[in-house]
Amino acid sequence: MSYCPFFQTLHDETRPVGNFGKGTHYSVLRAPIWHDELMVRLERCAFLDFAIIWDEDHDDRVVDAIMVLYISGLLAPVRYIGERKGTLSVLLAPDAIRSWPQETLAQYCSEVSDIGQCLEDPWATKVDSVEGIEHSIIHSSAENVATYLRNIDMLWELGVKPKSRP
């Protein structure tokens with residue numbers, strides 16, 4: 001399925017797989033980007049592979065939020081994004097969370113929050129690290145969620161490709 005003309009769908013689960021969470025399943029999309037995961041401008045276009053984590057209702061309005069993040073230049077650090085119980089969870093590359101000054105992270109969170117509020121049906125937002133435990137992207141224990149997300153990353157090697165050279 002094509003969710004957006006700007007993104008290529010690499011993998012698409014359209015309904016729940018297994019018994020994890022409350023109907024959890026995922027899709028992996030690829031987008032051309034011009035910033036690395038730290039939001040540093042790239043000399044050449046690169047590609048970002050990221051995952052949408054769906055819950056049982058497969059609410060594709062999350063793609064609207066992704067589109068706004070994309071056209072706002074905010075998608076590059078995103079590794080996972082999903083909506084559950086009216087909250088848009090945006091999980092970032094660990095390097096972005098570790099490397100950004102606190103003010104940069106606060107500004108990014110504020111911009112993502114503004115996007116969540118400008119949608120047709122406004123959503124609260126939660127920005128966290130992939131390694132974080134404060135998000136609620138999946139209804140399960142933090143340990144099980146971390147394992148699930150690591151497995152997706154292991155299969156798809158999410159992130160910016162090719163990796164920028166120092």
# chains A, B, ... in the order shown; residues from 1 in each chain; ligands from 1
>>> select_by_dssp(residues="range 74-153 of chain A", states="strand (DSSP E)", output="PyMOL selection string")
chain A and resi 78-84+87-92+124-129
>>> write_last_selection(atoms="all heavy atoms", output="compact mmCIF listing (two decimals), in the first residue's frame")
# COMPACT_ATOMS: atom_id res chain seq x y z
N VAL A 78 13.53 10.78 13.28
CA VAL A 78 12.47 9.84 13.68
C VAL A 78 12.83 8.42 13.25
O VAL A 78 13.23 8.18 12.12
CB VAL A 78 11.11 10.26 13.08
CG1 VAL A 78 10.03 9.22 13.40
CG2 VAL A 78 10.71 11.64 13.57
N ARG A 79 12.67 7.48 14.18
CA ARG A 79 12.85 6.06 13.86
C ARG A 79 11.52 5.31 13.92
O ARG A 79 11.30 4.40 13.16
CB ARG A 79 13.84 5.40 14.83
CG ARG A 79 15.25 5.90 14.67
CD ARG A 79 15.77 5.64 13.24
NE ARG A 79 17.00 6.36 13.00
CZ ARG A 79 17.07 7.61 12.53
NH1 ARG A 79 15.98 8.28 12.24
NH2 ARG A 79 18.22 8.18 12.32
N TYR A 80 10.66 5.69 14.88
CA TYR A 80 9.35 5.06 15.03
C TYR A 80 8.34 6.16 15.32
O TYR A 80 8.63 7.11 16.04
CB TYR A 80 9.33 4.07 16.20
CG TYR A 80 10.38 3.01 16.12
CD1 TYR A 80 11.64 3.21 16.68
CD2 TYR A 80 10.13 1.80 15.47
CE1 TYR A 80 12.62 2.23 16.60
CE2 TYR A 80 11.10 0.83 15.39
CZ TYR A 80 12.35 1.05 15.95
OH TYR A 80 13.31 0.08 15.87
N ILE A 81 7.13 5.97 14.80
CA ILE A 81 6.06 6.90 15.08
C ILE A 81 4.76 6.10 15.12
O ILE A 81 4.59 5.15 14.35
CB ILE A 81 6.01 8.05 14.04
CG1 ILE A 81 5.01 9.13 14.43
CG2 ILE A 81 5.77 7.51 12.64
CD1 ILE A 81 5.15 10.41 13.63
N GLY A 82 3.89 6.46 16.01
CA GLY A 82 2.61 5.77 16.09
C GLY A 82 1.64 6.53 16.96
O GLY A 82 2.03 7.40 17.75
N GLU A 83 0.38 6.20 16.80
CA GLU A 83 -0.68 6.82 17.59
C GLU A 83 -1.38 5.73 18.38
O GLU A 83 -1.71 4.69 17.85
CB GLU A 83 -1.67 7.54 16.68
CG GLU A 83 -2.84 8.18 17.40
CD GLU A 83 -3.98 7.22 17.70
OE1 GLU A 83 -4.19 6.26 16.93
OE2 GLU A 83 -4.67 7.42 18.72
N ARG A 84 -1.56 6.01 19.67
CA ARG A 84 -2.32 5.09 20.52
C ARG A 84 -3.03 5.91 21.58
O ARG A 84 -2.43 6.76 22.23
CB ARG A 84 -1.39 4.06 21.18
CG ARG A 84 -2.15 2.95 21.89
CD ARG A 84 -1.24 1.87 22.40
NE ARG A 84 -0.60 2.24 23.65
CZ ARG A 84 -1.20 2.20 24.84
NH1 ARG A 84 -2.45 1.83 24.95
NH2 ARG A 84 -0.55 2.55 25.93
N THR A 87 -2.62 9.77 21.56
CA THR A 87 -1.28 10.34 21.73
C THR A 87 -0.39 9.89 20.58
O THR A 87 -0.30 8.70 20.30
CB THR A 87 -0.65 9.91 23.07
OG1 THR A 87 -1.46 10.42 24.14
CG2 THR A 87 0.77 10.45 23.21
N LEU A 88 0.24 10.86 19.95
CA LEU A 88 1.20 10.59 18.88
C LEU A 88 2.57 10.43 19.53
O LEU A 88 3.09 11.36 20.14
CB LEU A 88 1.22 11.76 17.89
CG LEU A 88 2.16 11.62 16.70
CD1 LEU A 88 1.66 10.52 15.77
CD2 LEU A 88 2.28 12.94 15.96
N SER A 89 3.13 9.24 19.43
CA SER A 89 4.47 8.97 19.97
C SER A 89 5.47 9.07 18.85
O SER A 89 5.32 8.42 17.81
CB SER A 89 4.54 7.57 20.59
OG SER A 89 3.73 7.50 21.74
N VAL A 90 6.51 9.88 19.06
CA VAL A 90 7.57 10.09 18.08
C VAL A 90 8.86 9.69 18.76
O VAL A 90 9.32 10.35 19.69
CB VAL A 90 7.62 11.57 17.63
CG1 VAL A 90 8.73 11.79 16.62
CG2 VAL A 90 6.27 12.01 17.07
N LEU A 91 9.43 8.56 18.31
CA LEU A 91 10.64 8.04 18.93
C LEU A 91 11.83 8.34 18.04
O LEU A 91 11.86 7.97 16.86
CB LEU A 91 10.51 6.54 19.17
CG LEU A 91 9.29 6.11 19.99
CD1 LEU A 91 9.34 4.62 20.28
CD2 LEU A 91 9.18 6.90 21.27
N LEU A 92 12.80 9.01 18.62
CA LEU A 92 13.94 9.52 17.87
C LEU A 92 15.17 8.62 17.99
O LEU A 92 15.30 7.86 18.95
CB LEU A 92 14.31 10.92 18.38
CG LEU A 92 13.20 11.96 18.39
CD1 LEU A 92 13.76 13.29 18.88
CD2 LEU A 92 12.57 12.11 17.02
N ALA A 124 -2.35 14.75 21.43
CA ALA A 124 -1.24 15.05 22.32
C ALA A 124 -0.01 14.37 21.72
O ALA A 124 -0.15 13.41 20.94
CB ALA A 124 -1.52 14.50 23.72
N THR A 125 1.18 14.85 22.04
CA THR A 125 2.38 14.24 21.49
C THR A 125 3.35 13.88 22.60
O THR A 125 3.36 14.49 23.66
CB THR A 125 3.10 15.19 20.52
OG1 THR A 125 3.44 16.39 21.20
CG2 THR A 125 2.24 15.50 19.30
N LYS A 126 4.14 12.87 22.32
CA LYS A 126 5.21 12.46 23.23
C LYS A 126 6.43 12.17 22.38
O LYS A 126 6.41 11.28 21.54
CB LYS A 126 4.80 11.22 24.02
CG LYS A 126 5.87 10.70 24.95
CD LYS A 126 6.18 11.69 26.03
CE LYS A 126 7.27 11.17 26.94
NZ LYS A 126 7.83 12.20 27.77
N VAL A 127 7.48 12.95 22.57
CA VAL A 127 8.75 12.73 21.89
C VAL A 127 9.68 12.07 22.90
O VAL A 127 9.81 12.53 24.03
CB VAL A 127 9.36 14.05 21.38
CG1 VAL A 127 10.73 13.81 20.76
CG2 VAL A 127 8.42 14.72 20.39
N ASP A 128 10.31 10.99 22.48
CA ASP A 128 11.20 10.25 23.36
C ASP A 128 12.28 9.60 22.50
O ASP A 128 12.18 9.58 21.27
CB ASP A 128 10.40 9.19 24.13
CG ASP A 128 11.11 8.68 25.39
OD1 ASP A 128 12.25 9.10 25.67
OD2 ASP A 128 10.51 7.84 26.09
N SER A 129 13.25 9.04 23.15
CA SER A 129 14.28 8.27 22.46
C SER A 129 13.74 6.87 22.19
O SER A 129 12.87 6.38 22.91
CB SER A 129 15.53 8.17 23.34
OG SER A 129 16.44 7.24 22.79
>>> select_by_dssp(residues="range 62-115 of chain A", states="alpha helix (DSSP H)", output="PyMOL selection string")
chain A and resi 62-71+94-99+102-115
>>> closest_residue(among="A:Leu74, A:Leu10, A:Ile66, A:Val130", to="Arg30 in chain A", atoms="only C-alpha atoms")
A:Leu10
>>> residues_around(residues="Pro32 in chain A", least_positions_apart="2", cutoff="12 Å", atoms="only C-alpha atoms", output="ChimeraX atom specification")
/A:5-8,29-30,34-36,42,44-50,70-71,73,75-76,159-162
>>> closest_residue(among="A:Thr147, A:Asp121, A:Ile115, A:Tyr3", to="Ala31 in chain A", atoms="only C-alpha atoms")
A:Tyr3
>>> closest_residue(among="A:Asn151, A:Gln107, A:Ser99, A:Thr24", to="Ile138 in chain A", atoms="only C-alpha atoms")
A:Thr24
>>> atom_distance(atom1="CA of Leu119 in chain A", atom2="CA of Met67 in chain A")
10.9 Å
>>> atom_distance(atom1="CA of Tyr26 in chain A", atom2="CA of Val63 in chain A")
12.8 Å
>>> atom_distance(atom1="CA of Arg98 in chain A", atom2="CA of Ser140 in chain A")
25.2 Å
>>> closest_residue(among="A:Thr9, A:Asp95, A:Phe20, A:Val62", to="Glu37 in chain A", atoms="only C-alpha atoms")
A:Asp95
>>> decode(residues="range 30-94 of chain A", atoms="C-alpha atoms", output="tab-separated table (two decimals), in the first residue's frame")
chain	number	residue	atom	x	y	z
A	30	ARG	CA	11.43	5.28	3.12
A	31	ALA	CA	11.61	9.03	2.48
A	32	PRO	CA	14.21	11.19	0.74
A	33	ILE	CA	15.70	13.66	3.21
A	34	TRP	CA	18.27	16.46	3.22
A	35	HIS	CA	19.29	16.37	6.90
A	36	ASP	CA	20.96	13.68	8.98
A	37	GLU	CA	19.53	12.37	12.25
A	38	LEU	CA	21.07	15.31	14.13
A	39	MET	CA	19.34	17.72	11.72
A	40	VAL	CA	22.63	18.70	10.07
A	41	ARG	CA	22.15	19.64	6.41
A	42	LEU	CA	23.45	17.00	3.99
A	43	GLU	CA	25.29	17.83	0.77
A	44	ARG	CA	23.25	15.19	-1.05
A	45	CYS	CA	19.88	13.63	-0.63
A	46	ALA	CA	19.83	10.56	1.58
A	47	PHE	CA	17.04	8.20	2.52
A	48	LEU	CA	15.36	7.72	5.86
A	49	ASP	CA	13.83	4.38	6.73
A	50	PHE	CA	11.39	4.63	9.63
A	51	ALA	CA	8.59	2.52	11.08
A	52	ILE	CA	4.99	3.30	11.80
A	53	ILE	CA	3.75	1.32	14.77
A	54	TRP	CA	0.04	0.62	14.38
A	55	ASP	CA	-2.43	-0.44	17.02
A	56	GLU	CA	-5.59	-2.46	16.39
A	57	ASP	CA	-7.44	0.28	14.50
A	58	HIS	CA	-4.63	1.00	11.97
A	59	ASP	CA	-5.47	4.72	12.13
A	60	ASP	CA	-3.79	6.01	8.99
A	61	ARG	CA	-4.31	9.62	10.12
A	62	VAL	CA	-0.83	9.18	11.59
A	63	VAL	CA	0.39	9.57	8.01
A	64	ASP	CA	-0.98	13.13	8.02
A	65	ALA	CA	1.24	13.90	11.01
A	66	ILE	CA	4.21	12.26	9.28
A	67	MET	CA	3.59	14.34	6.17
A	68	VAL	CA	3.59	17.57	8.19
A	69	LEU	CA	6.77	16.47	10.00
A	70	TYR	CA	8.32	15.74	6.60
A	71	ILE	CA	7.44	19.03	4.91
A	72	SER	CA	8.53	20.87	8.08
A	73	GLY	CA	11.97	19.25	7.90
A	74	LEU	CA	11.50	17.40	11.19
A	75	LEU	CA	11.38	13.76	10.07
A	76	ALA	CA	15.12	12.93	9.85
A	77	PRO	CA	15.68	11.95	13.51
A	78	VAL	CA	12.47	9.84	13.68
A	79	ARG	CA	12.85	6.06	13.86
A	80	TYR	CA	9.35	5.06	15.03
A	81	ILE	CA	6.06	6.90	15.08
A	82	GLY	CA	2.61	5.77	16.09
A	83	GLU	CA	-0.68	6.82	17.59
A	84	ARG	CA	-2.32	5.09	20.52
A	85	LYS	CA	-5.17	6.36	22.68
A	86	GLY	CA	-5.01	9.86	21.20
A	87	THR	CA	-1.28	10.34	21.73
A	88	LEU	CA	1.20	10.59	18.88
A	89	SER	CA	4.47	8.97	19.97
A	90	VAL	CA	7.57	10.09	18.08
A	91	LEU	CA	10.64	8.04	18.93
A	92	LEU	CA	13.94	9.52	17.87
A	93	ALA	CA	17.37	8.12	17.09
A	94	PRO	CA	19.30	7.78	20.35
